[in-house]
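Participant: Take a look at target05.cif, mmCIF, C-alpha atoms and all ligand atoms:
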data_query
loop_
_atom_site.label_atom_id
_atom_site.label_comp_id
_atom_site.auth_asym_id
_atom_site.auth_seq_id
_atom_site.Cartn_x
_atom_site.Cartn_y
_atom_site.Cartn_z
CA MET A 1 121.54 69.96 -15.07
CA ARG A 2 123.88 72.10 -12.97
CA ILE A 3 125.56 75.01 -14.71
CA LEU A 4 128.30 77.36 -13.49
CA VAL A 5 128.47 80.77 -15.21
CA VAL A 6 131.72 82.66 -14.62
CA THR A 7 132.01 86.39 -15.33
CA ALA A 8 134.81 88.82 -14.53
CA VAL A 9 132.90 91.51 -12.61
CA ALA A 10 129.64 91.83 -10.68
CA ALA A 11 127.98 94.00 -13.37
CA GLU A 12 128.37 91.13 -15.88
CA ARG A 13 127.22 88.52 -13.34
CA ASP A 14 124.12 90.57 -12.54
CA ALA A 15 123.31 91.11 -16.23
CA ALA A 16 123.58 87.35 -16.85
CA ALA A 17 121.39 86.66 -13.79
CA ARG A 18 118.68 89.09 -15.00
CA GLY A 19 118.18 86.89 -18.07
CA LEU A 20 117.29 83.85 -15.95
CA PRO A 21 114.33 82.95 -13.72
CA PRO A 22 114.73 83.02 -9.92
CA SER A 23 115.55 79.81 -8.13
CA ASP A 24 113.08 78.59 -5.52
CA GLY A 25 115.11 75.56 -4.52
CA GLU A 26 118.27 75.12 -2.47
CA PRO A 27 120.56 78.13 -2.08
CA ALA A 28 123.82 78.32 -4.02
CA PRO A 29 126.64 76.28 -2.47
CA SER A 30 129.02 77.95 -0.10
CA VAL A 31 132.53 78.03 -1.59
CA PRO A 32 135.39 79.67 0.32
CA GLY A 33 136.54 82.81 -1.50
CA CYS A 34 133.60 82.73 -3.96
CA GLU A 35 130.17 84.31 -3.69
CA LEU A 36 127.76 82.37 -5.88
CA LEU A 37 124.37 83.69 -6.97
CA ARG A 38 121.74 81.07 -7.86
CA ARG A 39 119.16 81.20 -10.64
CA ALA A 40 117.03 78.49 -12.30
CA LEU A 41 117.12 77.01 -15.79
CA PRO A 42 113.81 77.85 -17.49
CA ALA A 43 111.42 74.95 -18.06
CA PRO A 44 111.10 74.03 -21.75
CA GLN A 45 108.41 76.02 -23.63
CA ALA A 46 107.13 72.77 -25.17
CA ALA A 47 106.08 71.65 -21.69
CA GLY A 48 104.14 74.89 -21.30
CA GLY A 49 106.78 76.20 -18.94
CA THR A 50 104.71 74.85 -16.08
CA GLY A 51 106.91 71.99 -14.89
CA GLY A 52 109.72 72.31 -12.38
CA SER A 53 113.00 73.81 -13.38
CA PRO A 54 115.26 71.40 -15.27
CA GLY A 55 118.28 72.66 -13.40
CA THR A 56 120.20 75.35 -11.61
CA VAL A 57 122.54 78.09 -12.76
CA ASP A 58 125.12 79.41 -10.29
CA LEU A 59 126.85 82.67 -11.21
CA LEU A 60 130.30 83.73 -10.05
CA ALA A 61 132.19 87.00 -10.60
CA ALA A 62 135.75 85.65 -10.39
CA GLY A 63 137.80 88.70 -11.41
CA VAL A 64 139.42 90.11 -14.52
CA GLY A 65 141.93 88.13 -16.57
CA PRO A 66 142.65 84.45 -17.23
CA ALA A 67 144.39 83.75 -13.90
CA ALA A 68 141.56 85.09 -11.72
CA ALA A 69 139.05 83.32 -13.95
CA ALA A 70 140.85 79.98 -13.67
CA ALA A 71 141.34 80.30 -9.91
CA GLY A 72 137.69 81.14 -9.19
CA THR A 73 136.35 78.50 -11.57
CA ALA A 74 138.64 75.82 -10.13
CA ALA A 75 137.61 76.69 -6.56
CA ALA A 76 133.89 76.48 -7.36
CA LEU A 77 134.23 73.26 -9.40
CA THR A 78 136.41 71.52 -6.83
CA ALA A 79 134.30 72.47 -3.80
CA THR A 80 131.06 71.32 -5.41
CA ALA A 81 132.60 68.10 -6.76
CA VAL A 82 133.97 67.23 -3.32
CA ALA A 83 130.52 67.90 -1.83
CA GLY A 84 129.02 65.41 -4.30
CA ARG A 85 127.15 68.09 -6.29
CA PRO A 86 129.33 68.55 -9.37
CA TYR A 87 128.46 70.91 -12.22
CA ASP A 88 127.66 69.52 -15.68
CA LEU A 89 128.66 72.56 -17.78
CA VAL A 90 130.72 75.74 -17.32
CA VAL A 91 129.99 78.99 -19.17
CA SER A 92 132.38 81.94 -19.47
CA ALA A 93 130.23 85.05 -20.03
CA GLY A 94 130.68 88.80 -20.16
CA ILE A 95 131.59 91.71 -22.36
CA GLY A 96 134.30 91.65 -24.98
CA GLY A 97 135.87 93.42 -27.91
CA GLY A 98 134.50 92.61 -31.36
CA PHE A 99 136.61 92.32 -34.50
CA THR A 100 135.47 94.81 -37.12
CA GLY A 101 133.10 93.17 -39.56
CA PRO A 102 131.67 90.09 -37.85
CA ALA A 103 130.93 91.53 -34.40
CA PRO A 104 129.65 95.12 -34.07
CA VAL A 105 129.09 96.76 -30.68
CA GLY A 106 125.95 95.33 -29.05
CA SER A 107 126.15 92.00 -30.91
CA VAL A 108 126.74 88.59 -29.31
CA VAL A 109 129.56 86.16 -30.05
CA VAL A 110 129.35 82.49 -29.05
CA ALA A 111 132.71 80.73 -29.18
CA ASP A 112 133.23 77.74 -31.44
CA ALA A 113 136.82 77.77 -30.14
CA ILE A 114 138.34 79.41 -27.05
CA VAL A 115 141.87 80.40 -27.99
CA ALA A 116 144.83 81.50 -25.85
CA ALA A 117 146.01 84.19 -28.28
CA ASP A 118 148.98 85.67 -26.40
CA LEU A 119 150.19 82.64 -24.41
CA GLY A 120 153.46 81.55 -25.98
CA ALA A 121 156.78 82.97 -27.09
CA GLU A 122 157.75 85.89 -29.28
CA LEU A 123 159.65 84.53 -32.26
CA PRO A 124 161.11 87.23 -34.50
CA GLY A 125 162.23 84.67 -37.13
CA ARG A 126 158.72 83.37 -37.79
CA PRO A 127 156.46 85.17 -40.26
CA ASP A 128 153.81 85.90 -37.61
CA GLY A 129 156.45 86.46 -34.91
CA PHE A 130 154.73 84.23 -32.36
CA LEU A 131 154.90 80.64 -31.18
CA PRO A 132 151.77 79.40 -29.35
CA VAL A 133 152.28 77.60 -26.05
CA SER A 134 151.17 74.30 -27.63
CA ASP A 135 153.96 74.61 -30.24
CA LEU A 136 156.38 75.05 -27.35
CA GLY A 137 155.30 71.62 -26.17
CA PHE A 138 153.20 72.77 -23.22
CA GLY A 139 149.51 71.96 -22.89
CA THR A 140 147.02 73.35 -25.35
CA SER A 141 146.30 76.69 -26.97
CA GLU A 142 142.59 76.17 -27.51
CA HIS A 143 139.54 74.49 -26.07
CA LEU A 144 136.57 73.48 -28.20
CA PRO A 145 133.05 73.88 -26.82
CA PRO A 146 130.59 71.10 -27.69
CA ALA A 147 129.89 71.80 -31.38
CA ALA A 148 126.16 71.04 -31.54
CA LEU A 149 125.40 72.84 -28.28
CA SER A 150 127.41 75.97 -29.04
CA ALA A 151 125.88 76.15 -32.53
CA ALA A 152 122.37 75.83 -31.05
CA VAL A 153 123.16 78.58 -28.53
CA ALA A 154 124.56 80.85 -31.27
CA ARG A 155 121.37 80.37 -33.31
CA ALA A 156 119.14 81.05 -30.31
CA VAL A 157 120.97 84.26 -29.35
CA GLU A 158 121.24 85.32 -33.03
CA GLY A 159 124.95 85.60 -32.43
CA VAL A 160 128.10 84.99 -34.40
CA HIS A 161 129.51 81.47 -33.94
CA ALA A 162 133.28 81.92 -34.24
CA PRO A 163 136.55 81.73 -32.29
CA VAL A 164 136.90 84.00 -29.24
CA LEU A 165 140.46 84.95 -28.31
CA THR A 166 141.64 85.19 -24.71
CA VAL A 167 144.29 87.88 -24.16
CA SER A 168 146.00 89.21 -21.04
CA THR A 169 146.24 92.71 -22.52
CA VAL A 170 143.31 94.53 -24.14
CA THR A 171 144.25 95.32 -27.73
CA GLY A 172 144.86 99.05 -28.16
CA SER A 173 146.29 99.47 -31.65
CA ALA A 174 145.35 98.73 -35.25
CA GLU A 175 148.65 96.85 -35.63
CA ARG A 176 147.90 94.38 -32.86
CA ALA A 177 144.30 93.95 -34.04
CA ALA A 178 145.62 93.12 -37.54
CA ASP A 179 148.24 90.76 -36.10
CA LEU A 180 145.63 88.85 -34.06
CA ALA A 181 143.23 88.71 -37.00
CA SER A 182 145.93 87.35 -39.30
CA ARG A 183 147.04 84.71 -36.76
CA HIS A 184 143.41 83.75 -36.05
CA PRO A 185 141.39 84.13 -39.25
CA GLY A 186 137.68 84.09 -38.47
CA ALA A 187 138.04 85.19 -34.85
CA ALA A 188 135.09 87.42 -33.96
CA ALA A 189 135.96 88.66 -30.45
CA GLU A 190 138.62 88.99 -27.79
CA ALA A 191 138.22 89.00 -24.01
CA MET A 192 140.35 88.14 -21.01
CA GLU A 193 138.83 85.15 -19.21
CA GLY A 194 137.55 82.39 -21.51
CA PHE A 195 140.72 80.33 -21.73
CA GLY A 196 141.20 80.44 -17.93
CA VAL A 197 137.65 79.22 -17.34
CA ALA A 198 138.12 76.53 -20.00
CA GLU A 199 141.39 75.29 -18.48
CA ALA A 200 139.71 74.83 -15.08
CA ALA A 201 136.72 73.08 -16.67
CA ALA A 202 138.97 70.78 -18.71
CA LEU A 203 140.82 69.73 -15.57
CA GLN A 204 137.51 68.31 -14.28
CA GLY A 205 136.52 66.87 -17.66
CA LEU A 206 133.68 69.37 -18.04
CA PRO A 207 132.42 71.01 -21.25
CA VAL A 208 132.65 74.78 -21.59
CA LEU A 209 130.88 77.56 -23.53
CA GLU A 210 131.93 81.19 -23.97
CA ILE A 211 129.42 83.96 -24.67
CA ARG A 212 130.39 87.63 -25.18
CA GLY A 213 128.30 90.78 -25.55
CA VAL A 214 130.40 93.19 -27.60
CA SER A 215 131.24 96.46 -25.81
CA ASN A 216 133.90 97.89 -28.15
CA PRO A 217 135.72 97.30 -31.40
CA VAL A 218 139.10 95.51 -31.17
CA GLY A 219 141.57 98.16 -32.26
CA PRO A 220 142.96 101.59 -31.37
CA ARG A 221 142.12 102.48 -27.76
CA ASP A 222 139.02 104.70 -27.73
CA ARG A 223 137.19 104.65 -24.42
CA ALA A 224 134.47 106.90 -25.86
CA GLY A 225 133.67 104.10 -28.33
CA TRP A 226 132.82 101.59 -25.59
CA ASP A 227 129.11 100.94 -25.02
CA MET A 228 128.89 99.02 -21.74
CA ALA A 229 125.10 99.37 -21.54
CA ALA A 230 124.59 97.78 -24.97
CA ALA A 231 127.06 95.00 -24.15
CA LEU A 232 125.47 94.21 -20.78
CA THR A 233 122.02 94.16 -22.39
CA ALA A 234 123.44 91.72 -24.95
CA VAL A 235 124.84 89.57 -22.11
CA GLU A 236 121.43 89.53 -20.39
CA ARG A 237 119.59 88.63 -23.60
CA ALA A 238 122.18 85.98 -24.54
CA CYS A 239 122.12 84.33 -21.12
CA GLY A 240 118.31 84.21 -21.19
CA ALA A 241 118.32 82.56 -24.62
CA THR A 242 121.13 80.19 -23.58
CA GLY A 243 119.12 79.19 -20.50
CA ALA A 244 116.15 78.35 -22.75
CA VAL A 245 118.36 76.19 -25.00
CA LEU A 246 119.90 74.38 -22.03
CA GLY A 247 116.55 73.92 -20.28
CA ALA A 248 115.28 72.03 -23.33
CA TRP A 249 118.59 70.34 -24.26
CA LYS A 250 118.33 66.58 -24.76
CA GLY A 251 121.57 65.99 -26.63
CA PRO A 252 125.02 65.23 -25.25
CA LEU A 253 126.96 67.99 -23.52
CA SER A 254 130.29 66.86 -24.89
O1 LIG B 301 141.02 101.14 -20.68
C1 LIG B 301 140.16 101.49 -19.88
O2 LIG B 301 140.05 102.65 -19.47
C2 LIG B 301 139.19 100.48 -19.39
C3 LIG B 301 138.09 100.86 -18.67
C4 LIG B 301 137.17 99.93 -18.26
C5 LIG B 301 137.38 98.58 -18.55
C6 LIG B 301 138.50 98.23 -19.27
C7 LIG B 301 138.77 96.83 -19.59
O3 LIG B 301 139.81 96.53 -20.13
C8 LIG B 301 137.77 95.80 -19.26
C9 LIG B 301 138.32 94.40 -19.47
C10 LIG B 301 137.23 93.43 -19.17
O4 LIG B 301 136.23 93.47 -20.20
C11 LIG B 301 136.45 92.45 -21.14
N1 LIG B 301 136.77 93.16 -22.40
C12 LIG B 301 135.94 94.07 -22.96
N2 LIG B 301 136.45 94.51 -24.10
C13 LIG B 301 137.62 93.89 -24.29
C14 LIG B 301 138.60 93.96 -25.33
O5 LIG B 301 138.48 94.67 -26.33
N3 LIG B 301 139.69 93.16 -25.18
C15 LIG B 301 139.84 92.35 -24.11
N4 LIG B 301 138.94 92.27 -23.12
C16 LIG B 301 137.83 93.03 -23.20
C17 LIG B 301 137.53 91.56 -20.59
O6 LIG B 301 137.13 90.20 -20.65
C18 LIG B 301 137.74 92.01 -19.14
O7 LIG B 301 136.95 91.28 -18.25
C19 LIG B 301 139.42 99.16 -19.69
#
Is it possible to express this structure as structure tokens?
Ligand SMILES: O=C(O)c1cccc(C(=O)CC[C@H]2O[C@@H](n3cnc4c(=O)[nH]cnc43)[C@H](O)[C@@H]2O)c1
Facilitator:
Amino acid sequence: MRILVVTAVAAERDAAARGLPPSDGEPAPSVPGCELLRRALPAPQAAGGTGGSPGTVDLLAAGVGPAAAAAGTAAALTATAVAGRPYDLVVSAGIGGGFTGPAPVGSVVVADAIVAADLGAELPGRPDGFLPVSDLGFGTSEHLPPAALSAAVARAVEGVHAPVLTVSTVTGSAERAADLASRHPGAAAEAMEGFGVAEAAALQGLPVLEIRGVSNPVGPRDRAGWDMAAALTAVERACGATGAVLGAWKGPLS
């Protein structure tokens, strides 16, 4: 199995990589404009962990926000597909804001839906004041990770399995946090890249996961309340546990 993990920045990519064993096989592919780091999928514990690796994990720091995420993901997916070495699964990983209640700082959220939460039109006449891009008749507003796989990953990482919102602007007020929560009941986290990664994966017919280590509460801007170290540790732990699930995965990826 070949897996592409896309983060926003190098600190997230390196945290994800620390959770995975080194690769002793071929180097990561060379993709113009992208620097890929290669790790291995761990061999299943049931096999004593002594067999060869069941696959590779390439990690890419593609930049902050949905556009950079989509551009980097698309470049890596296209180049490897053209070279005859396509990926089987794409994972959006990194830190994120957690909605108060389900996702405290330091916890992990695994997306059961990846939702474009601010892609659409402002609509003052509508009760929630917003029309999603899908209601405008353009494309989709959400991508659904494979249900059985994302649930298995959430169990393994002891994370919350819930919608993760993709926004282009980090929420900085209680009003916007309440607005997002009322438009997306059950959402546990927001971040800025998942939907971009998912759009690029969908274009190639590939399944996608999103995994977030929570660095801050979604709400009034309070930089002192961010705990990057706890979030990056959560990303490392979550990527390690996800690797173990994927290394042993026998079910479908779709
Ligand atoms: O406001 C600041 O001073 C500030 C300083 C450092 C980083 C930021 C970011 O906005 C990082 C965005 C980056 O991290 C993800 N992220 C983390 N928490 C959130 C959030 O609450 N809402 C949205 N995105 C978040 C995001 O995926 C980006 O990659 C600000």
Participant: Nearest to A:Gln204: which of A:Ile3, A:Ala74, A:Leu36, A:Leu59 is it, counting all atoms listed in the file?
Facilitator: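 Of A:Ile3, A:Ala74, A:Leu36, A:Leu59, the one nearest A:Gln204 is A:Ala74, counting all atoms listed in the file.
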Participant: Between A:Leu4, A:Leu20, A:Met192, A:Val157, which is the closest to A:Ala76 once you count only C-alpha atoms?
Facilitator: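 Of all the options, A:Leu4 lies closest to A:Ala76.
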Participant: Find the residues near A:Thr242: any atom within 9 Å, counting only C-alpha atoms, skip ones fewer than 6 places away on the same chain, and give them as a short mmCIF file (atom, residue, chain, number, x, y, z; two decimals) with C-alpha atoms, in the coordinates of the input.
Facilitator:
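Listed below is the output, out_38.cif:
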data_model
loop_
_atom_site.label_atom_id
_atom_site.label_comp_id
_atom_site.auth_asym_id
_atom_site.auth_seq_id
_atom_site.Cartn_x
_atom_site.Cartn_y
_atom_site.Cartn_z
CA ALA A 152 122.37 75.83 -31.05
CA VAL A 153 123.16 78.58 -28.53
CA ALA A 154 124.56 80.85 -31.27
CA ALA A 156 119.14 81.05 -30.31
CA VAL A 157 120.97 84.26 -29.35
#
Participant: Which residues are near A:Ala62? Cut-off 12 Å, only C-alpha atoms, ignore same chain within fewer than 6 positions. Put them as a PyMOL selection string.
Facilitator: chain A and resi 4-13+33-36+68-76+92-94+192-194+196-197
Participant: Name the residues, by chain letter and number, that sit within 6 Å of ligand LIG 301 (chain B) using only C-alpha atoms and all ligand atoms, and give them as number ranges by chain.
Facilitator: A: 8, 64, 95-97, 170-171, 190-193, 215-216, 218
Participant: Around stretch 122-132 of chain A, with edges along x, y and z and 4 Å added on all six sides, what centre and edge lengths do you get, in Å to one decimal, as JSON?
Facilitator:
{"center_x": 157.0, "center_y": 83.3, "center_z": -34.8, "size_x": 18.5, "size_y": 15.8, "size_z": 19.0}
Participant: Pick the closest to A:Val108 from A:Val208, A:Val160, A:Ala17, A:Ala229: which is it, counting all atoms listed in the file?
Facilitator: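 With all atoms listed in the file as the atom set, the closest residue is A:Val160.
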Participant: Between atom CA of A:Ala230 and atom CA of A:Ala188, what is the distance, to one decimal in Å?
Facilitator: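 A separation of 17.3 Å between them.
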Participant: Tell me which of A:Gly172, A:Pro145, A:Gly159, A:Pro22 sits closest to A:Ala198, counting all atoms listed in the file.
Facilitator: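 Closest residue, counting all atoms listed in the file: A:Pro145.
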Participant: Nearest residue to A:Pro220 out of A:Ala187, A:Phe99, A:Ala151, A:Phe138, using all atoms listed in the file?
Facilitator: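 Using all atoms listed in the file, the shortest distance to A:Pro220 belongs to A:Phe99.
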Participant: Name the residues in contact with A:Gly55 at a cut-off of 6 Å, using all atoms listed in the file, excluding same-chain residues fewer than 5 positions from it; report them as a list of chain:residue names.
Facilitator: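 Counting only the stated atoms, we get A:Met1, A:Arg2, A:Leu41.
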Participant: Of the candidates A:Val105, A:Cys239, A:Ala177, A:Leu144, which shows the shortest atom-to-atom distance to A:Val214, using all atoms listed in the file?
Facilitator: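 Looking at the shortest contact to A:Val214, the residue is A:Val105.
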Participant: Quote the spacing between atom CA of A:Ala147 and atom CA of A:Asp112 in Å to one decimal place.
Facilitator: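 Atom CA of A:Ala147 sits 6.8 Å away from atom CA of A:Asp112.
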Participant: Quick check, in Å to one decimal: how far apart do atom CA of A:Glu199 and atom CA of A:Ala121 lie?
Facilitator: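 Separating atom CA of A:Glu199 from atom CA of A:Ala121 is a distance of 19.2 Å.
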Participant: Mind listing whatever residues come within 12 Å of the point (147.2, 92.9, -36.3)? Use all atoms listed in the file, file coordinates, and give them as number ranges by chain.
Facilitator: A: 99-100, 117, 128-129, 171-185, 218-220
Participant: Rebuild stretch 10-38 of chain A so that it carries N, CA and C atoms, then output the result as a PDB file, keeping the file's coordinate frame.
Facilitator:
ATOM      1  N   ALA A  10     131.017  91.991 -11.170  1.00  0.00           N
ATOM      2  CA  ALA A  10     129.640  91.830 -10.680  1.00  0.00           C
ATOM      3  C   ALA A  10     128.613  92.364 -11.678  1.00  0.00           C
ATOM      4  N   ALA A  11     128.953  93.441 -12.415  1.00  0.00           N
ATOM      5  CA  ALA A  11     127.980  94.000 -13.370  1.00  0.00           C
ATOM      6  C   ALA A  11     127.636  92.963 -14.450  1.00  0.00           C
ATOM      7  N   GLU A  12     128.621  92.184 -14.868  1.00  0.00           N
ATOM      8  CA  GLU A  12     128.370  91.130 -15.880  1.00  0.00           C
ATOM      9  C   GLU A  12     127.563  89.992 -15.249  1.00  0.00           C
ATOM     10  N   ARG A  13     127.957  89.597 -14.031  1.00  0.00           N
ATOM     11  CA  ARG A  13     127.220  88.520 -13.340  1.00  0.00           C
ATOM     12  C   ARG A  13     125.750  88.898 -13.181  1.00  0.00           C
ATOM     13  N   ASP A  14     125.501  90.150 -12.780  1.00  0.00           N
ATOM     14  CA  ASP A  14     124.120  90.570 -12.540  1.00  0.00           C
ATOM     15  C   ASP A  14     123.327  90.655 -13.841  1.00  0.00           C
ATOM     16  N   ALA A  15     123.997  91.077 -14.929  1.00  0.00           N
ATOM     17  CA  ALA A  15     123.310  91.110 -16.230  1.00  0.00           C
ATOM     18  C   ALA A  15     122.934  89.689 -16.646  1.00  0.00           C
ATOM     19  N   ALA A  16     123.869  88.755 -16.487  1.00  0.00           N
ATOM     20  CA  ALA A  16     123.580  87.350 -16.850  1.00  0.00           C
ATOM     21  C   ALA A  16     122.419  86.828 -15.993  1.00  0.00           C
ATOM     22  N   ALA A  17     122.433  87.164 -14.706  1.00  0.00           N
ATOM     23  CA  ALA A  17     121.390  86.660 -13.790  1.00  0.00           C
ATOM     24  C   ALA A  17     120.018  87.222 -14.158  1.00  0.00           C
ATOM     25  N   ARG A  18     119.971  88.483 -14.641  1.00  0.00           N
ATOM     26  CA  ARG A  18     118.680  89.090 -15.000  1.00  0.00           C
ATOM     27  C   ARG A  18     117.990  88.338 -16.138  1.00  0.00           C
ATOM     28  N   GLY A  19     118.767  87.634 -16.958  1.00  0.00           N
ATOM     29  CA  GLY A  19     118.180  86.890 -18.070  1.00  0.00           C
ATOM     30  C   GLY A  19     117.572  85.562 -17.656  1.00  0.00           C
ATOM     31  N   LEU A  20     117.700  85.192 -16.395  1.00  0.00           N
ATOM     32  CA  LEU A  20     117.290  83.850 -15.950  1.00  0.00           C
ATOM     33  C   LEU A  20     116.234  83.935 -14.857  1.00  0.00           C
ATOM     34  N   PRO A  21     115.355  82.922 -14.770  1.00  0.00           N
ATOM     35  CA  PRO A  21     114.330  82.950 -13.720  1.00  0.00           C
ATOM     36  C   PRO A  21     114.934  82.740 -12.329  1.00  0.00           C
ATOM     37  N   PRO A  22     114.220  83.236 -11.283  1.00  0.00           N
ATOM     38  CA  PRO A  22     114.730  83.020  -9.920  1.00  0.00           C
ATOM     39  C   PRO A  22     114.699  81.544  -9.564  1.00  0.00           C
ATOM     40  N   SER A  23     115.538  81.191  -8.598  1.00  0.00           N
ATOM     41  CA  SER A  23     115.550  79.810  -8.130  1.00  0.00           C
ATOM     42  C   SER A  23     114.716  79.737  -6.849  1.00  0.00           C
ATOM     43  N   ASP A  24     113.840  78.722  -6.776  1.00  0.00           N
ATOM     44  CA  ASP A  24     113.080  78.590  -5.520  1.00  0.00           C
ATOM     45  C   ASP A  24     113.504  77.329  -4.774  1.00  0.00           C
ATOM     46  N   GLY A  25     114.638  76.771  -5.180  1.00  0.00           N
ATOM     47  CA  GLY A  25     115.110  75.560  -4.520  1.00  0.00           C
ATOM     48  C   GLY A  25     116.205  75.865  -3.503  1.00  0.00           C
ATOM     49  N   GLU A  26     117.144  74.955  -3.418  1.00  0.00           N
ATOM     50  CA  GLU A  26     118.270  75.120  -2.470  1.00  0.00           C
ATOM     51  C   GLU A  26     119.064  76.368  -2.802  1.00  0.00           C
ATOM     52  N   PRO A  27     119.684  76.988  -1.799  1.00  0.00           N
ATOM     53  CA  PRO A  27     120.560  78.130  -2.080  1.00  0.00           C
ATOM     54  C   PRO A  27     121.828  77.672  -2.802  1.00  0.00           C
ATOM     55  N   ALA A  28     122.546  78.638  -3.369  1.00  0.00           N
ATOM     56  CA  ALA A  28     123.820  78.320  -4.020  1.00  0.00           C
ATOM     57  C   ALA A  28     124.786  77.755  -2.995  1.00  0.00           C
ATOM     58  N   PRO A  29     125.689  76.867  -3.422  1.00  0.00           N
ATOM     59  CA  PRO A  29     126.640  76.280  -2.470  1.00  0.00           C
ATOM     60  C   PRO A  29     127.572  77.340  -1.905  1.00  0.00           C
ATOM     61  N   SER A  30     128.066  77.043  -0.733  1.00  0.00           N
ATOM     62  CA  SER A  30     129.020  77.950  -0.100  1.00  0.00           C
ATOM     63  C   SER A  30     130.427  77.490  -0.477  1.00  0.00           C
ATOM     64  N   VAL A  31     131.174  78.358  -1.139  1.00  0.00           N
ATOM     65  CA  VAL A  31     132.530  78.030  -1.590  1.00  0.00           C
ATOM     66  C   VAL A  31     133.478  79.084  -1.029  1.00  0.00           C
ATOM     67  N   PRO A  32     134.478  78.682  -0.251  1.00  0.00           N
ATOM     68  CA  PRO A  32     135.390  79.670   0.320  1.00  0.00           C
ATOM     69  C   PRO A  32     136.009  80.556  -0.759  1.00  0.00           C
ATOM     70  N   GLY A  33     135.942  81.863  -0.549  1.00  0.00           N
ATOM     71  CA  GLY A  33     136.540  82.810  -1.500  1.00  0.00           C
ATOM     72  C   GLY A  33     135.659  83.138  -2.693  1.00  0.00           C
ATOM     73  N   CYS A  34     134.488  82.490  -2.802  1.00  0.00           N
ATOM     74  CA  CYS A  34     133.600  82.730  -3.960  1.00  0.00           C
ATOM     75  C   CYS A  34     132.192  83.029  -3.459  1.00  0.00           C
ATOM     76  N   GLU A  35     131.572  84.056  -4.025  1.00  0.00           N
ATOM     77  CA  GLU A  35     130.170  84.310  -3.690  1.00  0.00           C
ATOM     78  C   GLU A  35     129.316  83.937  -4.892  1.00  0.00           C
ATOM     79  N   LEU A  36     128.559  82.868  -4.758  1.00  0.00           N
ATOM     80  CA  LEU A  36     127.760  82.370  -5.880  1.00  0.00           C
ATOM     81  C   LEU A  36     126.320  82.847  -5.756  1.00  0.00           C
ATOM     82  N   LEU A  37     125.761  83.236  -6.900  1.00  0.00           N
ATOM     83  CA  LEU A  37     124.370  83.690  -6.970  1.00  0.00           C
ATOM     84  C   LEU A  37     123.609  82.597  -7.708  1.00  0.00           C
ATOM     85  N   ARG A  38     122.460  82.174  -7.183  1.00  0.00           N
ATOM     86  CA  ARG A  38     121.740  81.070  -7.860  1.00  0.00           C
ATOM     87  C   ARG A  38     120.504  81.538  -8.622  1.00  0.00           C
TER      88      ARG A  38
END
